[in-house]
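Shown next: work.pdb, given as PDB, C-alpha atoms.
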ATOM      1  CA  ASP A 293     -10.154 -50.651  26.143
ATOM      2  CA  GLU A 294      -8.760 -51.047  29.685
ATOM      3  CA  PRO A 295      -8.468 -54.877  29.596
ATOM      4  CA  TYR A 296      -6.584 -54.559  26.285
ATOM      5  CA  VAL A 297      -4.190 -51.981  27.770
ATOM      6  CA  ILE A 298      -3.563 -54.116  30.868
ATOM      7  CA  GLU A 299      -2.992 -57.239  28.778
ATOM      8  CA  ASN A 300      -0.622 -55.462  26.377
ATOM      9  CA  ARG A 301       1.205 -53.148  28.791
ATOM     10  CA  TYR A 302       4.391 -55.192  28.524
ATOM     11  CA  LYS A 303       4.311 -55.799  24.777
ATOM     12  CA  ILE A 304       6.765 -53.837  22.660
ATOM     13  CA  VAL A 305       4.962 -52.806  19.473
ATOM     14  CA  THR A 306       6.932 -53.276  16.249
ATOM     15  CA  LEU A 307       6.549 -50.895  13.330
ATOM     16  CA  ASP A 308       4.631 -53.566  11.395
ATOM     17  CA  ASP A 309       2.310 -54.080  14.396
ATOM     18  CA  TYR A 310       1.822 -50.336  14.660
ATOM     19  CA  LEU A 311       1.004 -49.869  10.972
ATOM     20  CA  ASP A 312      -1.455 -52.769  11.104
ATOM     21  CA  MET A 313      -3.083 -51.285  14.219
ATOM     22  CA  VAL A 314      -3.314 -47.800  12.661
ATOM     23  CA  TYR A 315      -4.943 -49.198   9.546
ATOM     24  CA  LYS A 316      -7.479 -51.149  11.593
ATOM     25  CA  LYS A 317      -8.168 -48.202  13.919
ATOM     26  CA  THR A 318      -8.384 -45.250  11.530
ATOM     27  CA  GLY A 319      -7.246 -46.119   8.014
ATOM     28  CA  SER A 320      -9.979 -48.661   7.388
ATOM     29  CA  LEU A 321     -12.665 -46.344   8.786
ATOM     30  CA  LEU A 322     -11.845 -43.497   6.426
ATOM     31  CA  GLN A 323     -11.168 -45.914   3.584
ATOM     32  CA  THR A 324     -14.639 -47.415   3.989
ATOM     33  CA  ALA A 325     -16.297 -43.995   4.237
ATOM     34  CA  CYS A 326     -14.592 -42.825   1.056
ATOM     35  CA  VAL A 327     -15.415 -46.019  -0.846
ATOM     36  CA  PHE A 328     -19.074 -45.896   0.231
ATOM     37  CA  GLY A 329     -19.247 -42.291  -0.932
ATOM     38  CA  ALA A 330     -17.874 -43.261  -4.339
ATOM     39  CA  LEU A 331     -20.189 -46.275  -4.549
ATOM     40  CA  SER A 332     -23.252 -44.204  -3.667
ATOM     41  CA  ALA A 333     -22.288 -41.776  -6.452
ATOM     42  CA  LYS A 334     -22.138 -44.752  -8.838
ATOM     43  CA  ALA A 335     -18.494 -43.966  -9.647
ATOM     44  CA  SER A 336     -16.376 -46.087 -11.958
ATOM     45  CA  SER A 337     -14.148 -48.782 -10.488
ATOM     46  CA  GLU A 338     -11.135 -46.556 -11.202
ATOM     47  CA  ILE A 339     -12.622 -43.736  -9.110
ATOM     48  CA  ILE A 340     -13.666 -46.170  -6.367
ATOM     49  CA  ASN A 341     -10.082 -47.463  -6.225
ATOM     50  CA  ALA A 342      -8.799 -43.883  -6.028
ATOM     51  CA  PHE A 343     -11.076 -43.168  -3.065
ATOM     52  CA  ASN A 344     -10.066 -46.476  -1.487
ATOM     53  CA  THR A 345      -6.411 -45.412  -1.594
ATOM     54  CA  TYR A 346      -7.189 -41.831  -0.569
ATOM     55  CA  GLY A 347      -9.232 -42.855   2.480
ATOM     56  CA  ARG A 348      -6.745 -45.443   3.712
ATOM     57  CA  ASN A 349      -3.852 -43.001   3.404
ATOM     58  CA  ILE A 350      -5.518 -40.016   5.065
ATOM     59  CA  GLY A 351      -6.687 -42.292   7.878
ATOM     60  CA  ASN A 352      -3.182 -43.594   8.473
ATOM     61  CA  ALA A 353      -1.726 -40.074   8.218
ATOM     62  CA  PHE A 354      -4.316 -38.732  10.659
ATOM     63  CA  GLN A 355      -3.495 -41.369  13.281
ATOM     64  CA  ILE A 356       0.262 -40.820  12.989
ATOM     65  CA  GLY A 357      -0.338 -37.078  13.335
ATOM     66  CA  ASP A 358      -2.513 -37.702  16.383
ATOM     67  CA  ASP A 359       0.289 -39.712  17.990
ATOM     68  CA  ILE A 360       2.773 -36.897  17.322
ATOM     69  CA  LEU A 361       0.412 -34.338  18.855
ATOM     70  CA  ASP A 362      -0.115 -36.567  21.898
ATOM     71  CA  LEU A 363       3.531 -36.097  22.858
ATOM     72  CA  PHE A 364       4.498 -32.825  21.181
ATOM     73  CA  GLY A 365       1.255 -30.860  20.902
ATOM     74  CA  GLU A 366       0.179 -27.940  23.063
ATOM     75  CA  GLU A 367      -2.391 -28.911  25.705
ATOM     76  CA  LYS A 368      -4.576 -25.864  25.014
ATOM     77  CA  LYS A 369      -4.674 -26.663  21.300
ATOM     78  CA  ILE A 370      -5.105 -30.447  21.482
ATOM     79  CA  GLY A 371      -7.633 -30.279  24.313
ATOM     80  CA  LYS A 372      -6.050 -33.040  26.366
ATOM     81  CA  LYS A 373      -3.061 -33.632  28.574
ATOM     82  CA  VAL A 374       0.206 -34.044  26.657
ATOM     83  CA  GLY A 375       1.549 -37.564  27.086
ATOM     84  CA  LYS A 376      -1.852 -39.203  27.538
ATOM     85  CA  ASP A 377      -0.672 -42.279  25.602
ATOM     86  CA  ILE A 378       2.209 -42.713  28.064
ATOM     87  CA  ILE A 379      -0.047 -42.173  31.085
ATOM     88  CA  GLU A 380      -2.521 -44.734  29.712
ATOM     89  CA  HIS A 381       0.241 -47.257  28.891
ATOM     90  CA  LYS A 382      -0.493 -47.182  25.168
ATOM     91  CA  MET A 383       2.584 -48.746  23.618
ATOM     92  CA  GLY A 384       1.029 -48.188  20.192
ATOM     93  CA  ASN A 385       2.210 -44.609  19.690
ATOM     94  CA  ILE A 386       4.409 -44.205  16.604
ATOM     95  CA  LEU A 387       6.968 -42.124  18.517
ATOM     96  CA  ILE A 388       7.375 -44.800  21.173
ATOM     97  CA  THR A 389       7.605 -47.512  18.519
ATOM     98  CA  LEU A 390      10.211 -45.629  16.470
ATOM     99  CA  THR A 391      12.213 -44.629  19.553
ATOM    100  CA  LEU A 392      12.409 -48.207  20.824
ATOM    101  CA  GLU A 393      13.419 -49.330  17.330
ATOM    102  CA  GLU A 394      16.156 -46.694  17.043
ATOM    103  CA  ILE A 395      17.499 -46.063  20.539
ATOM    104  CA  THR A 396      20.988 -47.354  21.264
ATOM    105  CA  ASN A 397      21.490 -45.973  24.775
ATOM    106  CA  LYS A 398      20.562 -48.948  26.981
ATOM    107  CA  LYS A 399      19.969 -46.777  30.048
ATOM    108  CA  ASP A 400      17.484 -44.542  28.194
ATOM    109  CA  ARG A 401      15.790 -47.530  26.546
ATOM    110  CA  ASP A 402      15.367 -49.337  29.871
ATOM    111  CA  LEU A 403      14.098 -46.154  31.548
ATOM    112  CA  LEU A 404      11.559 -45.511  28.774
ATOM    113  CA  ILE A 405      10.276 -49.080  28.952
ATOM    114  CA  SER A 406      10.039 -48.922  32.752
ATOM    115  CA  ILE A 407       8.032 -45.672  32.543
ATOM    116  CA  LEU A 408       5.665 -47.219  30.001
ATOM    117  CA  ARG A 409       5.109 -50.214  32.273
ATOM    118  CA  LYS A 410       4.614 -48.337  35.559
ATOM    119  CA  ASP A 411       1.281 -48.677  37.312
ATOM    120  CA  ARG A 412       1.187 -44.938  37.981
ATOM    121  CA  VAL A 413       2.897 -42.599  35.553
ATOM    122  CA  THR A 414       3.692 -39.138  36.933
ATOM    123  CA  ASP A 415       4.083 -35.856  35.062
ATOM    124  CA  ALA A 416       7.832 -36.146  35.692
ATOM    125  CA  ASP A 417       7.771 -39.603  34.061
ATOM    126  CA  VAL A 418       5.992 -38.185  31.010
ATOM    127  CA  SER A 419       8.539 -35.371  30.761
ATOM    128  CA  LYS A 420      11.416 -37.838  31.017
ATOM    129  CA  ALA A 421       9.878 -40.130  28.377
ATOM    130  CA  ILE A 422       9.407 -37.186  25.997
ATOM    131  CA  GLU A 423      12.987 -36.095  26.690
ATOM    132  CA  ILE A 424      14.249 -39.580  25.748
ATOM    133  CA  ILE A 425      12.090 -39.644  22.608
ATOM    134  CA  SER A 426      13.364 -36.162  21.676
ATOM    135  CA  LYS A 427      16.955 -37.444  21.620
ATOM    136  CA  THR A 428      16.072 -39.711  18.676
ATOM    137  CA  ASN A 429      14.895 -39.112  15.122
ATOM    138  CA  ALA A 430      11.490 -40.622  15.968
ATOM    139  CA  LYS A 431       9.507 -37.376  15.631
ATOM    140  CA  LYS A 432      11.062 -36.502  12.267
ATOM    141  CA  ARG A 433      10.594 -40.062  10.992
ATOM    142  CA  ALA A 434       6.945 -40.049  12.103
ATOM    143  CA  GLU A 435       6.344 -36.679  10.431
ATOM    144  CA  ASN A 436       7.912 -38.030   7.233
ATOM    145  CA  MET A 437       5.680 -41.125   7.379
ATOM    146  CA  ARG A 438       2.587 -38.975   7.933
ATOM    147  CA  ASP A 439       3.539 -36.691   5.052
ATOM    148  CA  LYS A 440       4.206 -39.666   2.751
ATOM    149  CA  TYR A 441       0.699 -41.002   3.447
ATOM    150  CA  VAL A 442      -0.702 -37.543   2.647
ATOM    151  CA  GLU A 443       1.259 -37.435  -0.629
ATOM    152  CA  GLU A 444      -0.059 -40.884  -1.569
ATOM    153  CA  ALA A 445      -3.621 -39.776  -0.801
ATOM    154  CA  ILE A 446      -3.317 -36.702  -3.002
ATOM    155  CA  LYS A 447      -1.666 -38.698  -5.768
ATOM    156  CA  ALA A 448      -4.539 -41.199  -5.689
ATOM    157  CA  ILE A 449      -7.135 -38.548  -6.489
ATOM    158  CA  ASN A 450      -5.164 -36.939  -9.309
ATOM    159  CA  ILE A 451      -7.420 -38.890 -11.679
ATOM    160  CA  LEU A 452     -10.441 -36.864 -10.548
ATOM    161  CA  PRO A 453     -11.477 -33.965 -12.774
ATOM    162  CA  GLU A 454     -10.637 -30.503 -11.470
ATOM    163  CA  SER A 455     -13.441 -29.352  -9.192
ATOM    164  CA  THR A 456     -14.181 -27.685  -5.888
ATOM    165  CA  ALA A 457     -14.732 -31.132  -4.354
ATOM    166  CA  LYS A 458     -11.310 -32.371  -5.485
ATOM    167  CA  ASN A 459      -9.669 -29.199  -4.168
ATOM    168  CA  LEU A 460     -11.365 -29.722  -0.798
ATOM    169  CA  LEU A 461     -10.098 -33.314  -0.643
ATOM    170  CA  VAL A 462      -6.565 -32.084  -1.377
ATOM    171  CA  GLU A 463      -6.892 -29.374   1.291
ATOM    172  CA  LEU A 464      -8.180 -31.918   3.813
ATOM    173  CA  ALA A 465      -5.174 -34.138   3.164
ATOM    174  CA  LYS A 466      -2.758 -31.201   3.496
ATOM    175  CA  PHE A 467      -4.453 -30.111   6.725
ATOM    176  CA  ILE A 468      -3.684 -33.517   8.230
ATOM    177  CA  SER A 469       0.033 -32.785   7.771
ATOM    178  CA  THR A 470      -0.116 -29.364   9.384
ATOM    179  CA  ARG A 471      -2.815 -29.619  12.035
ATOM    180  CA  GLU A 472      -1.978 -28.557  15.566
ATOM    181  CA  TYR A 473      -5.092 -29.992  17.244
TER
END

With the file now loaded, output its structure as structure tokens.
Amino acid sequence: DEPYVIENRYKIVTLDDYLDMVYKKTGSLLQTACVFGALSAKASSEIINAFNTYGRNIGNAFQIGDDILDLFGEEKKIGKKVGKDIIEHKMGNILITLTLEEITNKKDRDLLISILRKDRVTDADVSKAIEIISKTNAKKRAENMRDKYVEEAIKAINILPESTAKNLLVELAKFISTREY
């Protein structure tokens, strides 16, 4: 992971890059798990497709939520230092991506980029970066994206018959939108 971070420290991640990365990191994992579950149950192709869509969407939603918590979560609840993605030079955080896409204040943009590229990021740097991000609509946009993925996941499994299992899948998806850890 470290060679990748060093090599990509100076790369600005576009929204398309981010979404591709999120799918490859988390979306595809949960998608595959859900599809294998449906296959092992000898489900119809329609049900397999529903689980394919469900898994991909909850995976993407989970990762976006994780990125939001990294910058706006409570340390005691998330179990790690807030701003870890900034400290570790991970340009692939949805809030950073959306902020850099949206920000119009050149001074703030340049400062955020310089913080992200520093060899040693201090707590003050993290606070300043979060302050800059907070001036934009990035958090709200990310929450909306996460929630849209959750909605798509739930919609995908509407074809399942009513059951405890279906209700648990719906609850899992909803939890991803509201989790604080």

>> Measuring between all atoms listed in the file, which one of A:Ile424, A:Asp415, A:Ile378, A:Asn349 shows the shortest distance to Lys399 of chain A?
In response: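 Looking at the shortest contact to Lys399 of chain A, the residue is A:Ile424.
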
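Closest approach to Ile407 of chain A from the set A:Gly357, A:Gly375, A:Gly351, A:Pro453 is made by A:Gly375, with distances taken over all atoms listed in the file.
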
> With only C-alpha atoms as the atoms that count, which of A:Glu423, A:Val327, A:Gln355, A:Lys316 lies nearest to Phe343 of chain A?
Replying inline: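 Counting only C-alpha atoms, the residue closest to Phe343 of chain A is A:Val327.
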
Target residues per the PyMOL selection byres ((chain A and resi 472) around 7), formatted as a compact mmCIF listing (two decimals) with C-alpha atoms, in the frame of the given file:
# COMPACT_ATOMS: atom_id res chain seq x y z
CA GLY A 365 1.25 -30.86 20.90
CA LYS A 369 -4.67 -26.66 21.30
CA ILE A 370 -5.11 -30.45 21.48
CA THR A 470 -0.12 -29.36 9.38
CA ARG A 471 -2.82 -29.62 12.04
CA TYR A 473 -5.09 -29.99 17.24

> What does the PyMOL selection byres ((chain A and resi 441-450) around 10) select in this file, as an MDAnalysis selection string?
Replying inline: chainID A and resid 339 341:354 356 435:440 451:454 458:459 461:469

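Within the 12 Å cut-off around Tyr302 of chain A, using all atoms listed in the file and omitting residues fewer than 6 positions from it on the same chain, the listed residues are Tyr296, His381, Lys382, Met383, Gly384, Ile405, Ser406, Ile407, Leu408, Arg409, Lys410 and Asp411 of chain A.
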
>> Between atom CA of Lys368 of chain A and atom CA of Asn429 of chain A, what distance in Å does the model show, to one decimal?
In response: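 Computing it gives 25.5 Å between the two atoms.
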
> Evaluating the PyMOL selection byres ((chain A and resi 390-398) around 9) on the displayed file yields which residues, as a VMD selection string?
Replying inline: chain A and resid 304 to 307 385 to 389 399 to 405 424 to 431 433 to 434

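Restricting the calculation to all atoms listed in the file, the smallest distance between Asp417 of chain A and any of A:Ala457, A:Lys432, A:Val374, A:Lys317 is found for A:Val374.
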
> Looking at A:Asp359, A:Phe328, A:Leu322, A:Thr456, which one is nearest to Tyr310 of chain A, with distances taken over all atoms listed in the file?
Replying inline: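 Of all the options, A:Asp359 lies closest to Tyr310 of chain A.
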
>> One decimal, in Å: what's the spacing between atom CA of Val418 of chain A and atom CA of Glu367 of chain A?
In response: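 Distance between the two atoms: 13.6 Å.
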
> What is the distance, in Å and to one decimal place, between atom CA of Ala421 of chain A and atom CA of Lys303 of chain A?
Replying inline: 17.0 Å

Around segment 321-338 of chain A, with edges along x, y and z and 8 Å added on all six sides, what centre and edge lengths do you get, in Å to one decimal, as JSON?
{"center_x": -17.2, "center_y": -45.3, "center_z": -1.6, "size_x": 28.1, "size_y": 23.0, "size_z": 36.7}

Could N, CA and C atoms be built for segment 414-435 of chain A and written out as a compact mmCIF listing (two decimals), in the coordinates of the input?
# COMPACT_ATOMS: atom_id res chain seq x y z
N THR A 414 3.76 -40.52 36.46
CA THR A 414 3.69 -39.14 36.93
C THR A 414 3.99 -38.17 35.79
N ASP A 415 3.74 -36.89 36.05
CA ASP A 415 4.08 -35.86 35.06
C ASP A 415 5.59 -35.85 34.81
N ALA A 416 6.37 -36.09 35.85
CA ALA A 416 7.83 -36.15 35.69
C ALA A 416 8.22 -37.32 34.79
N ASP A 417 7.52 -38.45 34.93
CA ASP A 417 7.77 -39.60 34.06
C ASP A 417 7.48 -39.26 32.60
N VAL A 418 6.36 -38.58 32.38
CA VAL A 418 5.99 -38.18 31.01
C VAL A 418 7.06 -37.27 30.43
N SER A 419 7.49 -36.29 31.22
CA SER A 419 8.54 -35.37 30.76
C SER A 419 9.82 -36.11 30.42
N LYS A 420 10.19 -37.06 31.26
CA LYS A 420 11.42 -37.84 31.02
C LYS A 420 11.27 -38.68 29.75
N ALA A 421 10.11 -39.31 29.58
CA ALA A 421 9.88 -40.13 28.38
C ALA A 421 9.97 -39.27 27.12
N ILE A 422 9.36 -38.09 27.15
CA ILE A 422 9.41 -37.19 26.00
C ILE A 422 10.83 -36.72 25.75
N GLU A 423 11.57 -36.48 26.82
CA GLU A 423 12.99 -36.10 26.69
C GLU A 423 13.79 -37.20 25.99
N ILE A 424 13.56 -38.44 26.38
CA ILE A 424 14.25 -39.58 25.75
C ILE A 424 13.86 -39.68 24.27
N ILE A 425 12.58 -39.57 23.99
CA ILE A 425 12.09 -39.64 22.61
C ILE A 425 12.69 -38.51 21.78
N SER A 426 12.83 -37.33 22.38
CA SER A 426 13.36 -36.16 21.68
C SER A 426 14.83 -36.32 21.29
N LYS A 427 15.54 -37.20 21.95
CA LYS A 427 16.95 -37.44 21.62
C LYS A 427 17.11 -38.27 20.34
N THR A 428 16.02 -38.84 19.86
CA THR A 428 16.07 -39.71 18.68
C THR A 428 15.50 -38.97 17.46
N ASN A 429 15.50 -39.65 16.35
CA ASN A 429 14.90 -39.11 15.12
C ASN A 429 13.43 -39.53 14.98
N ALA A 430 12.85 -40.06 16.04
CA ALA A 430 11.49 -40.62 15.97
C ALA A 430 10.47 -39.60 15.49
N LYS A 431 10.50 -38.38 16.02
CA LYS A 431 9.51 -37.38 15.63
C LYS A 431 9.63 -37.05 14.15
N LYS A 432 10.85 -36.82 13.68
CA LYS A 432 11.06 -36.50 12.27
C LYS A 432 10.64 -37.67 11.38
N ARG A 433 10.98 -38.88 11.77
CA ARG A 433 10.59 -40.06 10.99
C ARG A 433 9.07 -40.20 10.94
N ALA A 434 8.41 -39.96 12.07
CA ALA A 434 6.94 -40.05 12.10
C ALA A 434 6.32 -38.97 11.22
N GLU A 435 6.85 -37.75 11.29
CA GLU A 435 6.34 -36.68 10.43
C GLU A 435 6.53 -37.04 8.96
